[in-house]
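Asker: Just input-v8.cif, nothing more (mmCIF, C-alpha atoms):
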```cif
data_start
loop_
_atom_site.group_PDB
_atom_site.id
_atom_site.type_symbol
_atom_site.label_atom_id
_atom_site.label_comp_id
_atom_site.auth_asym_id
_atom_site.auth_seq_id
_atom_site.Cartn_x
_atom_site.Cartn_y
_atom_site.Cartn_z
ATOM 1 C CA MET A 1 -5.133 -71.837 -75.747
ATOM 2 C CA SER A 2 -1.836 -73.565 -74.994
ATOM 3 C CA THR A 3 -2.574 -76.900 -73.428
ATOM 4 C CA PRO A 4 0.371 -79.158 -72.671
ATOM 5 C CA ASP A 5 -0.517 -82.476 -71.088
ATOM 6 C CA SER A 6 -0.070 -81.356 -67.492
ATOM 7 C CA GLU A 7 -2.238 -78.314 -68.105
ATOM 8 C CA LEU A 8 -4.860 -80.492 -69.763
ATOM 9 C CA ASP A 9 -4.763 -82.733 -66.705
ATOM 10 C CA ARG A 10 -5.269 -79.753 -64.440
ATOM 11 C CA HIS A 11 -8.239 -78.552 -66.449
ATOM 12 C CA LEU A 12 -9.815 -81.986 -66.560
ATOM 13 C CA GLU A 13 -9.285 -82.455 -62.852
ATOM 14 C CA ALA A 14 -10.820 -79.071 -62.117
ATOM 15 C CA LEU A 15 -13.762 -79.863 -64.364
ATOM 16 C CA PHE A 16 -14.587 -83.354 -63.198
ATOM 17 C CA GLY A 17 -12.791 -83.763 -59.867
ATOM 18 C CA GLY A 18 -15.423 -81.793 -58.020
ATOM 19 C CA LEU A 19 -18.469 -83.309 -59.678
ATOM 20 C CA ASP A 20 -21.141 -83.879 -57.081
ATOM 21 C CA THR A 21 -24.860 -83.671 -56.528
ATOM 22 C CA ARG A 22 -26.590 -80.638 -55.028
ATOM 23 C CA SER A 23 -26.300 -80.293 -51.263
ATOM 24 C CA ASP A 24 -29.938 -81.229 -50.577
ATOM 25 C CA PHE A 25 -29.623 -84.510 -52.472
ATOM 26 C CA ASP A 26 -29.489 -86.769 -49.392
ATOM 27 C CA ALA A 27 -32.457 -85.056 -47.724
ATOM 28 C CA ARG A 28 -34.543 -85.338 -50.912
ATOM 29 C CA LEU A 29 -33.630 -88.986 -51.296
ATOM 30 C CA MET A 30 -34.445 -89.868 -47.685
ATOM 31 C CA ALA A 31 -37.816 -88.084 -48.041
ATOM 32 C CA ARG A 32 -38.540 -90.137 -51.163
ATOM 33 C CA LEU A 33 -37.522 -93.330 -49.380
ATOM 34 C CA ARG A 34 -39.823 -92.533 -46.465
ATOM 35 C CA ALA A 35 -42.690 -91.920 -48.909
ATOM 36 C CA GLU A 36 -41.774 -95.150 -50.688
ATOM 37 C CA ALA A 37 -41.782 -97.081 -47.397
ATOM 38 C CA HIS A 38 -45.223 -95.665 -46.575
ATOM 39 C CA THR A 39 -46.552 -96.556 -50.045
ATOM 40 C CA GLY A 40 -44.965 -99.976 -49.694
ATOM 41 C CA ALA A 41 -46.743 -100.618 -46.405
ATOM 42 C CA THR A 42 -50.085 -99.507 -47.866
ATOM 43 C CA GLU A 43 -49.573 -101.707 -50.915
ATOM 44 C CA ARG A 44 -48.658 -104.686 -48.736
ATOM 45 C CA ALA A 45 -51.819 -104.161 -46.661
ATOM 46 C CA MET A 46 -53.946 -103.934 -49.828
ATOM 47 C CA ARG A 47 -52.349 -107.080 -51.210
ATOM 48 C CA ALA A 48 -53.004 -108.910 -47.942
ATOM 49 C CA ARG A 49 -56.651 -107.794 -48.010
ATOM 50 C CA GLN A 50 -57.035 -108.964 -51.606
ATOM 51 C CA GLN A 51 -55.438 -112.314 -50.798
ATOM 52 C CA GLU A 52 -57.751 -112.710 -47.802
ATOM 53 C CA ARG A 53 -60.786 -111.857 -49.940
ATOM 54 C CA ALA A 54 -59.733 -114.384 -52.591
ATOM 55 C CA ARG A 55 -59.147 -117.051 -49.920
ATOM 56 C CA HIS A 56 -62.616 -116.341 -48.470
ATOM 57 C CA ARG A 57 -64.235 -116.562 -51.927
ATOM 58 C CA ARG A 58 -62.509 -119.905 -52.550
ATOM 59 C CA ALA A 59 -63.669 -121.231 -49.172
ATOM 60 C CA VAL A 60 -67.273 -120.099 -49.811
ATOM 61 C CA VAL A 61 -67.301 -121.747 -53.249
ATOM 62 C CA GLU A 62 -65.940 -124.944 -51.705
ATOM 63 C CA VAL A 63 -68.614 -124.985 -48.985
ATOM 64 C CA GLN A 64 -71.349 -124.218 -51.516
ATOM 65 C CA SER A 65 -70.343 -127.062 -53.788
ATOM 66 C CA TRP A 66 -70.189 -129.381 -50.783
ATOM 67 C CA ARG A 67 -73.736 -128.325 -49.762
ATOM 68 C CA ARG A 68 -75.067 -128.781 -53.289
ATOM 69 C CA TRP A 69 -73.558 -132.233 -53.329
ATOM 70 C CA MET A 70 -75.165 -133.031 -49.946
ATOM 71 C CA VAL A 71 -78.601 -131.765 -51.106
ATOM 72 C CA ARG A 72 -78.414 -133.933 -54.248
ATOM 73 C CA LEU A 73 -77.364 -136.913 -52.162
ATOM 74 C CA LEU A 74 -80.103 -136.328 -49.567
ATOM 75 C CA THR A 75 -82.745 -135.963 -52.293
ATOM 76 C CA LEU A 76 -81.626 -139.220 -53.881
ATOM 77 C CA ASP A 77 -81.483 -140.895 -50.457
ATOM 78 C CA THR A 78 -84.955 -139.732 -49.544
ATOM 79 C CA LEU A 79 -86.334 -140.914 -52.865
ATOM 80 C CA GLY A 80 -84.599 -144.262 -52.397
ATOM 81 C CA VAL A 81 -85.964 -144.647 -48.859
ATOM 82 C CA ALA A 82 -89.498 -143.725 -50.006
ATOM 83 C CA LEU A 83 -89.301 -146.230 -52.882
ATOM 84 C CA LEU A 84 -88.079 -148.907 -50.473
ATOM 85 C CA LEU A 85 -90.974 -148.167 -48.123
ATOM 86 C CA VAL A 86 -93.499 -148.409 -50.973
ATOM 87 C CA VAL A 87 -91.993 -151.712 -52.167
ATOM 88 C CA THR A 88 -91.975 -153.045 -48.597
ATOM 89 C CA ALA A 89 -95.568 -151.977 -48.059
ATOM 90 C CA VAL A 90 -96.752 -153.545 -51.352
ATOM 91 C CA THR A 91 -94.878 -156.788 -50.596
ATOM 92 C CA ALA A 92 -96.026 -157.004 -46.997
ATOM 93 C CA TRP A 93 -99.614 -155.906 -47.666
ATOM 94 C CA PRO A 94 -101.185 -159.397 -48.226
ATOM 95 C CA HIS A 95 -99.555 -160.822 -45.064
ATOM 96 C CA ILE A 96 -100.579 -158.090 -42.652
ATOM 97 C CA ARG A 97 -103.233 -158.907 -40.137
ATOM 98 C CA THR A 98 -106.700 -157.473 -40.817
ATOM 99 C CA ASP A 99 -106.724 -155.224 -37.730
ATOM 100 C CA VAL A 100 -103.387 -153.664 -38.808
ATOM 101 C CA VAL A 101 -104.790 -153.281 -42.323
ATOM 102 C CA ASP A 102 -107.841 -151.557 -40.876
ATOM 103 C CA THR A 103 -105.642 -149.234 -38.842
ATOM 104 C CA PHE A 104 -103.516 -148.495 -41.888
ATOM 105 C CA ARG A 105 -106.641 -147.839 -43.987
ATOM 106 C CA GLN A 106 -107.669 -145.365 -41.346
ATOM 107 C CA PHE A 107 -104.270 -143.575 -41.116
ATOM 108 C CA GLY A 108 -102.872 -144.498 -44.590
ATOM 109 C CA PRO A 109 -103.532 -141.148 -46.282
ATOM 110 C CA TYR A 110 -101.856 -139.277 -43.389
ATOM 111 C CA ILE A 111 -98.780 -141.521 -43.509
ATOM 112 C CA VAL A 112 -98.447 -141.104 -47.310
ATOM 113 C CA MET A 113 -98.942 -137.337 -46.981
ATOM 114 C CA LEU A 114 -96.259 -137.170 -44.260
ATOM 115 C CA LEU A 115 -93.844 -139.098 -46.461
ATOM 116 C CA ALA A 116 -94.585 -136.805 -49.416
ATOM 117 C CA VAL A 117 -94.045 -133.734 -47.268
ATOM 118 C CA LEU A 118 -90.716 -135.166 -46.014
ATOM 119 C CA ILE A 119 -89.530 -135.957 -49.529
ATOM 120 C CA ALA A 120 -90.408 -132.454 -50.710
ATOM 121 C CA ALA A 121 -89.012 -130.788 -47.601
ATOM 122 C CA VAL A 122 -85.463 -132.213 -47.740
ATOM 123 C CA PRO A 123 -84.241 -130.328 -50.854
ATOM 124 C CA LEU A 124 -86.181 -127.249 -49.811
ATOM 125 C CA LEU A 125 -84.486 -127.313 -46.414
ATOM 126 C CA GLY A 126 -81.122 -127.707 -48.121
ATOM 127 C CA MET A 127 -81.758 -124.721 -50.417
ATOM 128 C CA TRP A 128 -82.954 -122.642 -47.482
ATOM 129 C CA ALA A 129 -79.804 -123.460 -45.509
ATOM 130 C CA GLU A 130 -77.640 -122.512 -48.494
ATOM 131 C CA GLN A 131 -79.417 -119.169 -48.994
ATOM 132 C CA ASN A 132 -79.090 -118.395 -45.291
ATOM 133 C CA THR A 133 -75.331 -118.932 -45.441
ATOM 134 C CA HIS A 134 -75.114 -116.570 -48.480
ATOM 135 C CA ALA A 135 -76.846 -113.825 -46.558
ATOM 136 C CA MET B 1 -25.908 -106.504 -44.702
ATOM 137 C CA GLU B 2 -26.749 -106.878 -41.033
ATOM 138 C CA LEU B 3 -28.779 -103.671 -41.224
ATOM 139 C CA VAL B 4 -30.650 -105.037 -44.225
ATOM 140 C CA ARG B 5 -31.339 -108.290 -42.441
ATOM 141 C CA ALA B 6 -32.596 -106.309 -39.478
ATOM 142 C CA GLU B 7 -35.072 -104.472 -41.769
ATOM 143 C CA ARG B 8 -33.123 -101.240 -41.326
ATOM 144 C CA ARG B 9 -32.758 -100.372 -44.984
ATOM 145 C CA ASP B 10 -32.874 -96.621 -44.377
ATOM 146 C CA GLU B 11 -29.800 -96.871 -42.181
ATOM 147 C CA ALA B 12 -28.083 -99.063 -44.764
ATOM 148 C CA ILE B 13 -28.753 -96.457 -47.465
ATOM 149 C CA ALA B 14 -27.533 -93.691 -45.167
ATOM 150 C CA LEU B 15 -24.246 -95.602 -44.905
ATOM 151 C CA LEU B 16 -24.024 -96.253 -48.645
ATOM 152 C CA LEU B 17 -24.770 -92.691 -49.706
ATOM 153 C CA PRO B 18 -21.496 -91.016 -48.687
ATOM 154 C CA VAL B 19 -19.511 -93.798 -50.372
ATOM 155 C CA PHE B 20 -21.440 -94.151 -53.629
ATOM 156 C CA ARG B 21 -23.396 -90.922 -54.218
ATOM 157 C CA ARG B 22 -20.645 -89.133 -56.161
ATOM 158 C CA LYS B 23 -19.631 -92.257 -58.036
ATOM 159 C CA VAL B 24 -23.188 -93.050 -59.108
ATOM 160 C CA PHE B 25 -23.793 -89.407 -59.992
ATOM 161 C CA GLY B 26 -20.572 -89.274 -62.019
ATOM 162 C CA LEU B 27 -21.468 -92.466 -63.836
ATOM 163 C CA ALA B 28 -24.964 -91.184 -64.623
ATOM 164 C CA TYR B 29 -23.533 -87.827 -65.686
ATOM 165 C CA SER B 30 -21.023 -89.517 -67.985
ATOM 166 C CA PHE B 31 -23.937 -91.175 -69.780
ATOM 167 C CA LEU B 32 -26.452 -88.339 -69.743
ATOM 168 C CA ARG B 33 -24.268 -85.183 -69.844
ATOM 169 C CA ASP B 34 -26.997 -83.348 -67.954
ATOM 170 C CA ARG B 35 -26.673 -82.599 -64.230
ATOM 171 C CA GLU B 36 -30.399 -82.451 -63.559
ATOM 172 C CA ALA B 37 -31.076 -85.746 -65.324
ATOM 173 C CA ALA B 38 -28.010 -87.323 -63.695
ATOM 174 C CA GLU B 39 -29.305 -86.327 -60.244
ATOM 175 C CA ASP B 40 -32.711 -87.788 -61.050
ATOM 176 C CA VAL B 41 -31.065 -91.011 -62.191
ATOM 177 C CA THR B 42 -28.893 -91.069 -59.050
ATOM 178 C CA GLN B 43 -32.009 -90.782 -56.887
ATOM 179 C CA GLU B 44 -33.645 -93.516 -58.950
ATOM 180 C CA VAL B 45 -30.599 -95.744 -58.511
ATOM 181 C CA PHE B 46 -30.614 -95.395 -54.714
ATOM 182 C CA ILE B 47 -34.352 -96.044 -54.583
ATOM 183 C CA LYS B 48 -33.797 -99.199 -56.653
ATOM 184 C CA VAL B 49 -30.940 -100.208 -54.364
ATOM 185 C CA TRP B 50 -33.159 -99.582 -51.325
ATOM 186 C CA ARG B 51 -35.928 -101.735 -52.826
ATOM 187 C CA ALA B 52 -33.594 -104.520 -53.900
ATOM 188 C CA LEU B 53 -31.342 -104.597 -50.826
ATOM 189 C CA PRO B 54 -33.244 -107.438 -49.127
ATOM 190 C CA GLY B 55 -32.670 -109.561 -52.252
ATOM 191 C CA PHE B 56 -28.953 -108.761 -52.527
ATOM 192 C CA ASP B 57 -27.220 -112.084 -51.981
ATOM 193 C CA GLY B 58 -23.647 -110.811 -51.905
ATOM 194 C CA ARG B 59 -22.497 -112.954 -54.832
ATOM 195 C CA ALA B 60 -21.221 -109.832 -56.600
ATOM 196 C CA SER B 61 -19.559 -107.104 -54.603
ATOM 197 C CA LEU B 62 -21.815 -104.303 -53.423
ATOM 198 C CA SER B 63 -20.048 -101.754 -55.646
ATOM 199 C CA THR B 64 -20.372 -103.967 -58.749
ATOM 200 C CA TRP B 65 -24.057 -104.432 -57.995
ATOM 201 C CA ILE B 66 -24.681 -100.708 -57.500
ATOM 202 C CA TYR B 67 -22.699 -99.744 -60.624
ATOM 203 C CA THR B 68 -24.705 -102.259 -62.675
ATOM 204 C CA ILE B 69 -27.952 -100.705 -61.460
ATOM 205 C CA ALA B 70 -26.534 -97.252 -62.174
ATOM 206 C CA ARG B 71 -25.453 -98.147 -65.726
ATOM 207 C CA ASN B 72 -28.773 -99.799 -66.564
ATOM 208 C CA THR B 73 -30.801 -96.926 -65.115
ATOM 209 C CA SER B 74 -28.661 -94.380 -66.962
ATOM 210 C CA LEU B 75 -29.054 -96.248 -70.247
ATOM 211 C CA SER B 76 -32.834 -96.429 -69.767
ATOM 212 C CA ALA B 77 -32.925 -92.710 -69.016
ATOM 213 C CA LEU B 78 -30.733 -92.026 -72.029
ATOM 214 C CA ARG B 79 -33.052 -93.996 -74.295
ATOM 215 C CA ALA B 80 -36.075 -92.199 -72.869
ATOM 216 C CA ARG B 81 -34.766 -88.699 -73.500
ATOM 217 C CA ARG B 82 -34.106 -87.229 -76.932
ATOM 218 C CA PRO B 83 -32.554 -84.997 -78.147
ATOM 219 C CA GLN B 84 -29.392 -85.673 -76.235
ATOM 220 C CA ALA B 85 -27.922 -83.057 -73.939
ATOM 221 C CA SER B 86 -24.403 -81.803 -74.359
ATOM 222 C CA LEU B 87 -21.660 -81.017 -71.884
ATOM 223 C CA SER B 88 -21.422 -77.592 -73.491
ATOM 224 C CA ASP B 89 -25.053 -76.712 -72.771
ATOM 225 C CA PRO B 90 -25.377 -73.383 -70.932
ATOM 226 C CA GLU B 91 -26.314 -75.063 -67.668
ATOM 227 C CA VAL B 92 -23.233 -77.274 -67.853
ATOM 228 C CA MET B 93 -21.055 -74.270 -68.488
ATOM 229 C CA GLU B 94 -22.601 -72.555 -65.457
ATOM 230 C CA ALA B 95 -21.771 -75.622 -63.419
ATOM 231 C CA VAL B 96 -18.197 -75.492 -64.717
ATOM 232 C CA GLU B 97 -17.932 -71.897 -63.583
ATOM 233 C CA ALA B 98 -19.409 -72.791 -60.213
ATOM 234 C CA ILE B 99 -16.607 -75.271 -59.522
ATOM 235 C CA ASP B 100 -14.155 -72.529 -58.634
ATOM 236 C CA PRO B 101 -15.482 -68.976 -58.706
ATOM 237 C CA ALA B 102 -12.012 -67.505 -58.111
ATOM 238 C CA THR B 103 -10.692 -68.829 -61.423
ATOM 239 C CA SER B 104 -9.484 -66.188 -63.901
ATOM 240 C CA ALA B 105 -11.356 -65.454 -67.120
ATOM 241 C CA ASP B 106 -8.568 -66.958 -69.279
ATOM 242 C CA ILE B 107 -8.602 -70.221 -67.384
ATOM 243 C CA MET B 108 -12.393 -70.258 -67.518
ATOM 244 C CA ALA B 109 -12.227 -69.876 -71.284
ATOM 245 C CA ASP B 110 -9.688 -72.710 -71.467
ATOM 246 C CA ARG B 111 -11.886 -74.934 -69.332
ATOM 247 C CA ALA B 112 -14.940 -74.150 -71.412
ATOM 248 C CA ALA B 113 -12.901 -75.114 -74.453
ATOM 249 C CA VAL B 114 -11.818 -78.357 -72.779
ATOM 250 C CA VAL B 115 -15.469 -79.144 -71.960
ATOM 251 C CA ARG B 116 -16.342 -78.704 -75.624
ATOM 252 C CA LEU B 117 -13.464 -80.955 -76.654
ATOM 253 C CA VAL B 118 -14.466 -83.642 -74.163
ATOM 254 C CA ASP B 119 -18.012 -83.348 -75.451
ATOM 255 C CA GLN B 120 -16.812 -84.235 -78.940
ATOM 256 C CA LEU B 121 -15.060 -87.426 -77.840
ATOM 257 C CA PRO B 122 -16.630 -90.824 -78.635
ATOM 258 C CA THR B 123 -18.957 -91.933 -75.812
ATOM 259 C CA LYS B 124 -16.684 -94.486 -74.165
ATOM 260 C CA GLN B 125 -13.628 -92.241 -74.281
ATOM 261 C CA ARG B 126 -15.651 -89.360 -72.866
ATOM 262 C CA GLN B 127 -16.930 -91.552 -70.033
ATOM 263 C CA ALA B 128 -13.470 -92.861 -69.268
ATOM 264 C CA ILE B 129 -11.977 -89.351 -69.165
ATOM 265 C CA MET B 130 -14.740 -87.912 -66.981
ATOM 266 C CA LEU B 131 -14.700 -90.755 -64.482
ATOM 267 C CA PHE B 132 -10.912 -90.986 -64.424
ATOM 268 C CA TYR B 133 -10.543 -87.366 -63.343
ATOM 269 C CA MET B 134 -13.537 -87.564 -61.046
ATOM 270 C CA GLU B 135 -12.144 -90.649 -59.320
ATOM 271 C CA ALA B 136 -8.701 -89.200 -58.583
ATOM 272 C CA ARG B 137 -7.171 -91.004 -61.572
ATOM 273 C CA SER B 138 -7.937 -94.523 -60.449
ATOM 274 C CA HIS B 139 -7.963 -96.906 -63.425
ATOM 275 C CA GLN B 140 -9.401 -99.688 -61.277
ATOM 276 C CA GLU B 141 -12.341 -97.614 -60.100
ATOM 277 C CA VAL B 142 -13.187 -96.464 -63.647
ATOM 278 C CA ALA B 143 -12.940 -100.074 -64.839
ATOM 279 C CA ALA B 144 -15.326 -101.178 -62.091
ATOM 280 C CA MET B 145 -17.767 -98.387 -62.838
ATOM 281 C CA LEU B 146 -17.844 -99.027 -66.578
ATOM 282 C CA ALA B 147 -17.576 -102.830 -66.220
ATOM 283 C CA MET B 148 -14.492 -102.928 -68.430
ATOM 284 C CA PRO B 149 -11.052 -104.475 -68.034
ATOM 285 C CA VAL B 150 -8.438 -102.065 -66.686
ATOM 286 C CA GLY B 151 -6.475 -102.449 -69.947
ATOM 287 C CA THR B 152 -9.449 -101.241 -71.986
ATOM 288 C CA VAL B 153 -9.828 -98.224 -69.718
ATOM 289 C CA LYS B 154 -6.146 -97.388 -70.172
ATOM 290 C CA THR B 155 -6.489 -97.646 -73.944
ATOM 291 C CA LEU B 156 -9.608 -95.455 -73.936
ATOM 292 C CA LEU B 157 -7.856 -92.869 -71.770
ATOM 293 C CA HIS B 158 -4.759 -92.882 -73.948
ATOM 294 C CA ARG B 159 -6.840 -92.338 -77.101
ATOM 295 C CA ALA B 160 -8.989 -89.687 -75.446
ATOM 296 C CA ARG B 161 -5.993 -87.777 -74.177
ATOM 297 C CA ALA B 162 -4.306 -87.991 -77.571
ATOM 298 C CA ARG B 163 -7.427 -86.607 -79.229
ATOM 299 C CA LEU B 164 -7.781 -83.861 -76.645
ATOM 300 C CA SER B 165 -4.125 -82.864 -76.961
ATOM 301 C CA ALA B 166 -4.357 -82.830 -80.732
ATOM 302 C CA ALA B 167 -7.580 -80.801 -80.676
ATOM 303 C CA ALA B 168 -6.146 -78.398 -78.099
ATOM 304 C CA GLY B 169 -3.005 -78.028 -80.225
ATOM 305 C CA LYS B 170 -5.125 -77.201 -83.270
ATOM 306 C CA MET B 171 -7.111 -74.652 -81.298
ATOM 307 C CA SER B 172 -4.005 -72.908 -79.968
ATOM 308 C CA ALA B 173 -2.515 -72.887 -83.479
ATOM 309 C CA THR B 174 -5.583 -71.142 -84.905
ATOM 310 C CA ALA B 175 -5.874 -68.751 -81.930
#
```
What would the structure in this file look like if it were written as structure tokens?
Answerer:
Amino acid sequence: MSTPDSELDRHLEALFGGLDTRSDFDARLMARLRAEAHTGATERAMRARQQERARHRRAVVEVQSWRRWMVRLLTLDTLGVALLLVVTAVTAWPHIRTDVVDTFRQFGPYIVMLLAVLIAAVPLLGMWAEQNTHA
Amino acid sequence: MELVRAERRDEAIALLLPVFRRKVFGLAYSFLRDREAAEDVTQEVFIKVWRALPGFDGRASLSTWIYTIARNTSLSALRARRPQASLSDPEVMEAVEAIDPATSADIMADRAAVVRLVDQLPTKQRQAIMLFYMEARSHQEVAAMLAMPVGTVKTLLHRARARLSAAAGKMSATA
């Protein structure tokens, strides 16, 4: 093989000057890009759904904690109000006229029962409301 | 860039392909020395470019950006595949023959010999030689593709050509 510089150049040019991909390269690439775009859209939709689900979960947890807080507060309030009523009744008892006392003696057990039912009902109502929202 | 901004990346790629396909393929081929793998890498590069186009801020030139992606993807592919291919693999030799079917048997033999000589060059010299002759002997283009100063490319080419001439001289002396 006699290879002077110009001949070497010619060989190298012939070898590498025409380097190119196969003729269907562009078509294959565009097909892959279309598939990629489709996958991309599906992935974006899935990500959006996941984000929405997470946002919903956060909102539900927030509302639940707010309700629990309200139930605790209402229970405490009801207890406080009941205690206040008992204290008021005990304090006012000696000064109440006899006919009122008679009336109270007559309806006293009903009033106490009503109060007891109310006190018990408030947290139960709260829990019921919370369970209903879950469902 | 207007096409990218208008969410028309496919059209942007269709415009980039005729300009950069050969260059990216050549760059990948200079790393991998395997046409099939180089085509795969070239596809990978354009998919990466397509994905990253919306984030391209234009601080570097488009060609610099694409060549960087091409070099990194080629290096990753090179690391992932062992043993390394060779320019003188049968499939490469077939590709050499396919360049010009009308070439005489003597010239074919010479070219096959040149391929083997190029294959034995150090990596950077081999890359410089391949890209230089692929890119119509443009030092600037080879420098941009390999991210090297033009002076370094010239030195690499000078050394590569000296080695090739010496090796070719030896071969003709023994023939």
Asker: As a check of understanding, name the residues that the PyMOL selection byres ((chain A) within 12 of (chain B)) selects in the supplied structure, as a ChimeraX atom specification.
Answerer: /A:1-37,40
Asker: Go ahead and compute the interatomic distance for CA of Leu118 in chain A and CA of Thr78 in chain A, in Å to one decimal.
Answerer: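 Distance reported for this atom pair: 8.2 Å.
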Asker: Can you tell me, as AutoDock Vina command-line options, the centre and edge lengths (Å, one decimal) of the axis-aligned box enclosing all of range 117-135 of chain A's listed atoms after padding each side by 5 Å?
Answerer:
```
--center_x -84.6 --center_y -124.9 --center_z -48.1 --size_x 28.9 --size_y 32.1 --size_z 15.6
```
Asker: So which residues get picked by the PyMOL selection byres ((chain B and resi 72) around 12) here, written as an MDAnalysis selection string?
Answerer: chainID B and resid 24 27:28 31 41:42 44:45 48 65:71 73:79 145:147
Asker: Using the chain letters and residue numbers of this document, give as a ChimeraX atom specification the residues selected by the PyMOL selection byres ((chain B and resi 151-154) around 10).
Answerer: /B:124-125,127-129,132,139-144,146-150,155-160
Asker: Expressed in Å to a single decimal, how great is the separation between CA of Arg81 in chain B and CA of Ser63 in chain B?
Answerer: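 One can read the CA of Arg81 in chain B to CA of Ser63 in chain B distance as 26.6 Å.
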Asker: I'd like the interatomic distance between CA of Val71 in chain A and CA of Pro123 in chain A, to a tenth of an Å.
Answerer: 5.8 Å
Asker: Counting all atoms listed in the file, select every polymer residue within 10 Å of (-103.8, -149.9, -48.4) as defined in the file's coordinates, and provide the selection as a VMD selection string.
Answerer: chain A and resid 89 to 90 93 to 94 101 to 109
Asker: With only C-alpha atoms as the counted atoms, please give the residues lying no more than 12 Å from Val122 in chain A, apart from itself and same-chain residues fewer than 3 positions off, as a count of residues only.
Answerer: 20
Asker: For Ala82 in chain A, which residue among A:Met113, A:Glu52, A:Ala59, A:Trp66 is the nearest when counting only C-alpha atoms?
Answerer: A:Met113
Asker: Since the input lacks atoms, please generate N, CA and C atoms for range 29-44 of chain B and provide them as a PDB file, in the coordinates of the input.
Answerer:
```pdb
ATOM      1  N   TYR B  29     -23.868 -89.058 -64.960  1.00  0.00           N
ATOM      2  CA  TYR B  29     -23.533 -87.827 -65.686  1.00  0.00           C
ATOM      3  C   TYR B  29     -22.720 -88.148 -66.942  1.00  0.00           C
ATOM      4  N   SER B  30     -21.844 -89.162 -66.817  1.00  0.00           N
ATOM      5  CA  SER B  30     -21.023 -89.517 -67.985  1.00  0.00           C
ATOM      6  C   SER B  30     -21.896 -90.083 -69.107  1.00  0.00           C
ATOM      7  N   PHE B  31     -23.022 -90.676 -68.751  1.00  0.00           N
ATOM      8  CA  PHE B  31     -23.937 -91.175 -69.780  1.00  0.00           C
ATOM      9  C   PHE B  31     -24.814 -90.045 -70.314  1.00  0.00           C
ATOM     10  N   LEU B  32     -25.366 -89.257 -69.376  1.00  0.00           N
ATOM     11  CA  LEU B  32     -26.452 -88.339 -69.743  1.00  0.00           C
ATOM     12  C   LEU B  32     -25.987 -86.926 -70.112  1.00  0.00           C
ATOM     13  N   ARG B  33     -24.829 -86.517 -69.595  1.00  0.00           N
ATOM     14  CA  ARG B  33     -24.268 -85.183 -69.844  1.00  0.00           C
ATOM     15  C   ARG B  33     -25.251 -84.077 -69.443  1.00  0.00           C
ATOM     16  N   ASP B  34     -26.006 -84.325 -68.410  1.00  0.00           N
ATOM     17  CA  ASP B  34     -26.997 -83.348 -67.954  1.00  0.00           C
ATOM     18  C   ASP B  34     -27.112 -83.523 -66.444  1.00  0.00           C
ATOM     19  N   ARG B  35     -26.732 -82.482 -65.701  1.00  0.00           N
ATOM     20  CA  ARG B  35     -26.673 -82.599 -64.230  1.00  0.00           C
ATOM     21  C   ARG B  35     -28.024 -82.950 -63.633  1.00  0.00           C
ATOM     22  N   GLU B  36     -29.049 -82.249 -64.113  1.00  0.00           N
ATOM     23  CA  GLU B  36     -30.399 -82.451 -63.559  1.00  0.00           C
ATOM     24  C   GLU B  36     -30.829 -83.909 -63.760  1.00  0.00           C
ATOM     25  N   ALA B  37     -30.679 -84.367 -65.002  1.00  0.00           N
ATOM     26  CA  ALA B  37     -31.076 -85.746 -65.324  1.00  0.00           C
ATOM     27  C   ALA B  37     -30.216 -86.740 -64.553  1.00  0.00           C
ATOM     28  N   ALA B  38     -28.911 -86.410 -64.418  1.00  0.00           N
ATOM     29  CA  ALA B  38     -28.010 -87.323 -63.695  1.00  0.00           C
ATOM     30  C   ALA B  38     -28.409 -87.410 -62.222  1.00  0.00           C
ATOM     31  N   GLU B  39     -28.849 -86.294 -61.651  1.00  0.00           N
ATOM     32  CA  GLU B  39     -29.305 -86.327 -60.244  1.00  0.00           C
ATOM     33  C   GLU B  39     -30.569 -87.160 -60.111  1.00  0.00           C
ATOM     34  N   ASP B  40     -31.478 -86.994 -61.068  1.00  0.00           N
ATOM     35  CA  ASP B  40     -32.711 -87.788 -61.050  1.00  0.00           C
ATOM     36  C   ASP B  40     -32.377 -89.275 -61.120  1.00  0.00           C
ATOM     37  N   VAL B  41     -31.457 -89.606 -62.038  1.00  0.00           N
ATOM     38  CA  VAL B  41     -31.065 -91.011 -62.191  1.00  0.00           C
ATOM     39  C   VAL B  41     -30.403 -91.509 -60.900  1.00  0.00           C
ATOM     40  N   THR B  42     -29.570 -90.665 -60.292  1.00  0.00           N
ATOM     41  CA  THR B  42     -28.893 -91.069 -59.050  1.00  0.00           C
ATOM     42  C   THR B  42     -29.927 -91.372 -57.955  1.00  0.00           C
ATOM     43  N   GLN B  43     -30.942 -90.521 -57.875  1.00  0.00           N
ATOM     44  CA  GLN B  43     -32.009 -90.782 -56.887  1.00  0.00           C
ATOM     45  C   GLN B  43     -32.693 -92.114 -57.214  1.00  0.00           C
ATOM     46  N   GLU B  44     -32.972 -92.286 -58.502  1.00  0.00           N
ATOM     47  CA  GLU B  44     -33.645 -93.516 -58.950  1.00  0.00           C
ATOM     48  C   GLU B  44     -32.811 -94.748 -58.583  1.00  0.00           C
TER      49      GLU B  44
END
```
